[in-house]
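Shown next: work11.txt, given as compact mmCIF, C-alpha atoms.
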```txt
# COMPACT_ATOMS: atom_id res chain seq x y z
CA MET K 28 -8.50 32.44 -5.90
CA LEU K 29 -8.74 31.77 -2.17
CA PHE K 30 -5.38 31.60 -0.37
CA LEU K 31 -5.10 29.94 3.01
CA PRO K 32 -1.82 29.66 4.92
CA GLN K 33 -0.41 26.11 5.24
CA THR K 34 -1.30 25.52 8.90
CA THR K 35 -4.69 27.08 9.54
CA PRO K 36 -7.53 24.92 10.89
CA LEU K 37 -9.74 26.22 8.07
CA ARG K 38 -7.25 25.02 5.44
CA LEU K 39 -7.01 21.63 7.14
CA PHE K 40 -10.82 21.40 7.15
CA PHE K 41 -11.00 22.16 3.40
CA VAL K 42 -8.26 19.65 2.56
CA GLN K 43 -9.98 16.91 4.59
CA PHE K 44 -13.38 17.78 3.10
CA LEU K 45 -12.05 17.61 -0.46
CA GLN K 46 -10.20 14.34 0.16
CA LYS K 47 -13.31 12.77 1.71
CA HIS K 48 -15.83 13.87 -0.92
CA PHE K 49 -13.63 13.97 -4.02
CA PRO K 50 -11.16 11.07 -4.03
CA PRO K 51 -7.87 11.98 -5.69
CA LYS K 52 -7.36 11.04 -9.30
CA PRO K 53 -4.44 8.64 -9.38
CA PHE K 54 -1.92 8.59 -12.20
CA PRO K 55 -0.37 5.38 -13.57
CA GLY K 56 2.30 4.23 -11.14
CA ASP K 57 0.81 5.94 -8.07
CA ILE K 58 0.47 3.89 -4.89
CA VAL K 59 -3.17 3.65 -3.83
CA GLU K 60 -3.87 3.02 -0.13
CA TYR K 61 -7.11 1.42 1.07
CA PRO K 62 -7.48 1.84 4.86
CA ARG K 63 -8.77 -1.39 6.41
CA ASN K 64 -8.79 -0.57 10.12
CA LYS K 65 -7.05 1.67 12.64
CA TYR K 66 -3.68 -0.01 12.08
CA PHE K 67 -3.52 -1.55 8.62
CA SER K 68 -4.16 -0.67 4.99
CA HIS K 69 -4.07 -2.58 1.73
CA PHE K 70 -1.87 -1.14 -1.04
CA ALA K 71 -2.00 -1.27 -4.82
CA ILE K 72 -0.47 0.43 -7.85
CA TYR K 73 -2.72 2.43 -10.14
CA TYR K 74 -2.43 0.70 -13.51
CA GLY K 75 -4.61 2.91 -15.67
CA GLU K 76 -7.92 2.85 -17.46
CA LYS K 77 -9.29 0.24 -19.86
CA ASP K 78 -12.69 0.66 -21.49
CA GLY K 79 -13.64 3.39 -19.01
CA VAL K 80 -12.75 1.29 -15.94
CA ARG K 81 -9.84 2.31 -13.70
CA TYR K 82 -7.61 -0.60 -12.58
CA VAL K 83 -5.07 -1.25 -9.86
CA ALA K 84 -2.50 -4.04 -9.53
CA HIS K 85 -2.18 -5.55 -6.07
CA LEU K 86 -0.85 -8.55 -4.19
CA THR K 87 -3.71 -10.69 -2.98
CA SER K 88 -4.45 -14.12 -1.61
CA ARG K 89 -8.18 -13.56 -2.01
CA ASP K 90 -8.74 -16.50 -4.38
CA SER K 91 -6.06 -18.81 -3.03
CA ASP K 92 -7.10 -22.03 -1.37
CA SER K 93 -4.97 -21.17 1.65
CA LYS K 94 -6.17 -18.69 4.25
CA LEU K 95 -3.70 -16.57 6.16
CA PRO K 96 -2.56 -18.92 8.90
CA LEU K 97 -1.43 -17.94 12.37
CA PHE K 98 1.96 -16.67 11.25
CA GLY K 99 0.65 -14.40 8.49
CA ARG K 100 1.68 -16.39 5.41
CA ALA K 101 -0.21 -17.52 2.36
CA LEU K 102 1.79 -19.66 -0.04
CA ARG K 103 -0.51 -19.23 -3.03
CA SER K 104 -0.92 -15.51 -3.59
CA GLU K 105 -0.58 -13.49 -6.76
CA VAL K 106 -0.58 -10.03 -8.27
CA LYS K 107 -3.97 -9.26 -9.82
CA LEU K 108 -5.55 -6.45 -11.79
CA ASP K 109 -8.86 -5.35 -10.31
CA PRO K 110 -11.09 -2.31 -10.76
CA LEU K 111 -9.96 0.54 -8.49
CA GLU K 112 -13.19 0.70 -6.48
CA LEU K 113 -13.57 -3.08 -6.15
CA LEU K 114 -10.98 -2.94 -3.36
CA GLY K 115 -12.84 -0.18 -1.55
CA LYS K 116 -14.63 3.12 -2.06
CA LYS K 117 -12.31 4.85 0.42
CA TYR K 118 -8.79 5.18 -0.86
CA LYS K 119 -6.04 7.74 -1.20
CA VAL K 120 -2.93 8.23 -3.28
CA ASN K 121 0.03 7.64 -0.98
CA ASN K 122 3.40 7.83 -2.69
CA MET K 123 4.96 7.66 0.75
CA LEU K 124 8.59 7.18 -0.27
CA ASP K 125 8.86 9.88 -2.96
CA ASP K 126 11.09 11.93 -0.64
CA CYS K 127 13.50 8.98 -0.22
CA PHE K 128 13.50 7.17 -3.59
CA PRO K 129 12.83 8.20 -7.18
CA ALA K 130 9.70 6.70 -8.72
CA ARG K 131 10.48 4.37 -11.59
CA ASP K 132 9.01 5.16 -15.00
CA PHE K 133 5.58 3.56 -15.25
CA HIS K 134 5.45 2.84 -18.97
CA SER K 135 8.97 1.48 -19.44
CA ILE K 136 9.51 -0.34 -16.10
CA VAL K 137 6.55 -0.59 -13.72
CA LYS K 138 3.86 -1.65 -16.23
CA GLN K 139 6.14 -4.38 -17.62
CA SER K 140 6.94 -5.60 -14.09
CA ILE K 141 3.24 -5.80 -13.27
CA ASP K 142 2.40 -7.56 -16.54
CA ASP K 143 5.20 -10.09 -15.91
CA MET K 144 3.91 -10.89 -12.40
CA ILE K 145 0.19 -11.23 -13.12
CA GLY K 146 -0.88 -14.81 -12.54
CA GLN K 147 2.43 -15.98 -11.06
CA GLU K 148 2.32 -17.58 -7.62
CA VAL K 149 3.92 -15.49 -4.88
CA THR K 150 4.20 -16.14 -1.15
CA PHE K 151 2.40 -13.47 0.84
CA ASP K 152 4.06 -12.84 4.19
CA ILE K 153 2.66 -10.16 6.47
CA LEU K 154 6.14 -9.22 7.77
CA PHE K 155 8.33 -9.64 4.68
CA HIS K 156 6.17 -9.50 1.54
CA ASN K 157 2.75 -7.89 1.97
CA SER K 158 0.78 -5.61 -0.37
CA GLU K 159 2.73 -2.54 0.75
CA HIS K 160 6.07 -4.27 0.08
CA GLN K 161 4.81 -5.21 -3.38
CA ALA K 162 3.53 -1.70 -4.18
CA THR K 163 6.79 -0.02 -3.14
CA LEU K 164 8.76 -2.65 -5.06
CA PHE K 165 6.81 -1.80 -8.21
CA ARG K 166 7.01 2.00 -7.79
CA TYR K 167 10.52 2.42 -6.38
CA GLY K 168 12.27 -0.91 -6.89
CA VAL K 169 12.57 -1.15 -3.07
CA LYS K 170 10.56 -3.38 -0.71
CA LYS K 171 9.38 -1.35 2.29
CA SER K 172 6.41 -1.48 4.59
CA GLN K 173 5.99 1.49 6.90
CA GLN K 174 3.10 -0.16 8.73
CA ILE K 175 5.30 -3.17 9.60
CA GLU K 176 8.16 -0.85 10.60
CA LYS K 177 5.79 0.84 13.08
CA ILE K 178 5.00 -2.56 14.57
CA TYR K 179 8.72 -3.30 14.92
CA GLU K 180 9.17 0.00 16.78
CA HIS K 181 6.76 -1.29 19.44
CA ILE K 182 7.99 -4.90 19.51
CA MET K 183 11.75 -4.37 19.46
CA PRO K 184 12.12 -2.86 22.96
CA ALA K 185 10.32 -5.86 24.46
CA TRP K 186 12.38 -8.30 22.38
CA GLU K 187 15.65 -6.59 23.31
CA LYS K 188 14.89 -7.06 27.00
CA LEU K 189 14.05 -10.75 26.44
CA LEU K 190 17.24 -11.21 24.40
CA GLU K 191 19.35 -9.61 27.15
CA GLU K 192 17.74 -11.93 29.70
CA LYS K 193 18.33 -14.85 27.27
CA LYS K 194 14.63 -15.70 27.29
CA LEU K 195 14.23 -15.35 23.54
```
If you convert what's in this file into structure tokens, what do you get?
Amino acid sequence: MLFLPQTTPLRLFFVQFLQKHFPPKPFPGDIVEYPRNKYFSHFAIYYGEKDGVRYVAHLTSRDSDSKLPLFGRALRSEVKLDPLELLGKKYKVNNMLDDCFPARDFHSIVKQSIDDMIGQEVTFDILFHNSEHQATLFRYGVKKSQQIEKIYEHIMPAWEKLLEEKKL
């Protein structure tokens, strides 16, 4: 067995190579991240396999008759089950909050929560209820979006100055 220390460039190369050419095998309840561009990703929960097809549950407004308007809201969104690779060939397992929150049991809690939500109308809101919020809510029982929190880190200093000057 080949052993490489944690921080060597060669180890990093092998890890990146394996992740690129052999996507990770998700387990039911894992958060699956689909990078969309430099700043944003779409998130889903790995649901499992049916008839040889792997499925994820995700919040989408794809089939709603409302497009995302200027303020990032779609009133007619829903949680859907779709084949894993329908959402993108490039994905990774990203259970980003495992160090902060315990994952809820998939079979007794998460699966039932997903099944209960499928087909129900939900309001998608880029800041307060996006696909990452929904995925963390399913897995951990907590709504969090790290990509939105990063945006707040950049916006808040500018807003604080405007608030002090009473311009906002």
**Fill in**
As a check of understanding: the span from atom CA of Pro62 of chain K to atom CA of Gly146 of chain K is 25.0 Å
**Message:** Here is a test: counting only C-alpha atoms, which residue of K:Gln161, K:Ser68, K:Asn121, K:Ser135 is nearest to Val149 of chain K?
**Reply:**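 Using only C-alpha atoms, the shortest distance to Val149 of chain K belongs to K:Gln161.
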**Complete:** Judged by only C-alpha atoms, the minimum distance to Pro129 of chain K among K:Phe155, K:Phe54, K:Phe165, K:Trp186 is found for K:Phe165
**Message:** Give me, as JSON, numbers by chain, all polymer residues having an atom no more than 12 Å from Leu124 of chain K, counting all atoms listed in the file and skipping those fewer than 4 positions away in the same chain.
**Reply:** {"K": [57, 58, 120, 128, 129, 130, 131, 159, 160, 162, 163, 164, 166, 167, 168, 169, 170, 171, 172, 173]}
With C-alpha atoms retained, write the just-selected residues as a short mmCIF file (atom, residue, chain, number, x, y, z; two decimals), in the frame of the given file.
```
data_model
loop_
_atom_site.label_atom_id
_atom_site.label_comp_id
_atom_site.auth_asym_id
_atom_site.auth_seq_id
_atom_site.Cartn_x
_atom_site.Cartn_y
_atom_site.Cartn_z
CA ASP K 57 0.81 5.94 -8.07
CA ILE K 58 0.47 3.89 -4.89
CA VAL K 120 -2.93 8.23 -3.28
CA PHE K 128 13.50 7.17 -3.59
CA PRO K 129 12.83 8.20 -7.18
CA ALA K 130 9.70 6.70 -8.72
CA ARG K 131 10.48 4.37 -11.59
CA GLU K 159 2.73 -2.54 0.75
CA HIS K 160 6.07 -4.27 0.08
CA ALA K 162 3.53 -1.70 -4.18
CA THR K 163 6.79 -0.02 -3.14
CA LEU K 164 8.76 -2.65 -5.06
CA ARG K 166 7.01 2.00 -7.79
CA TYR K 167 10.52 2.42 -6.38
CA GLY K 168 12.27 -0.91 -6.89
CA VAL K 169 12.57 -1.15 -3.07
CA LYS K 170 10.56 -3.38 -0.71
CA LYS K 171 9.38 -1.35 2.29
CA SER K 172 6.41 -1.48 4.59
CA GLN K 173 5.99 1.49 6.90
#
```
**atom CA of Arg81 of chain K to atom CA of Ser140 of chain K, distance in Å rounded to a single decimal** = 18.6 Å
**Item:** Residue nearest Phe67 of chain K among K:Lys177, K:Lys107, K:Lys138, K:Lys193 (counting all atoms listed in the file)
**Value:** K:Lys177
**Message:** Is it possible to get the residues within 8 Å of (-2.7, -10.0, -13.1) (coordinates as in the file, counting only C-alpha atoms) written as a count of residues only?
**Reply:** 10
Contacts of Asp109 of chain K at 8 Å or less, counting all atoms listed in the file, minus same-chain residues fewer than 2 places along, as a JSON list (two decimals) with C-alpha atoms, keeping the file's coordinate frame?
```
[["chain", "number", "residue", "atom", "x", "y", "z"],
["K", 82, "TYR", "CA", -7.61, -0.60, -12.58],
["K", 83, "VAL", "CA", -5.07, -1.25, -9.86],
["K", 84, "ALA", "CA", -2.50, -4.04, -9.53],
["K", 85, "HIS", "CA", -2.18, -5.55, -6.07],
["K", 107, "LYS", "CA", -3.97, -9.26, -9.82],
["K", 111, "LEU", "CA", -9.96, 0.54, -8.49],
["K", 113, "LEU", "CA", -13.57, -3.08, -6.15],
["K", 114, "LEU", "CA", -10.98, -2.94, -3.36]]
```
**Fill in**
Using only C-alpha atoms, the best pick from K:Cys127, K:Leu190, K:Ala71, K:Ile153 as closest to Pro55 of chain K would be K:Ala71
**Request:** Kindly give the distance, in Å, that separates atom CA of Val137 of chain K and atom CA of Glu76 of chain K, rounded to a single decimal.
**Result:** 15.3 Å
**Minimum-distance residue to Gly75 of chain K, chosen among K:Ser88, K:Lys116, K:His181, K:His134 (using all atoms listed in the file)** =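 Closest residue, counting all atoms listed in the file: K:His134.
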**Item:** Selection: 10 Å around Gly115 of chain K, only C-alpha atoms, excl. self and same-chain fewer than 4 positions, as a PyMOL selection string
**Value:** chain K and resi 60-63+69+110-111
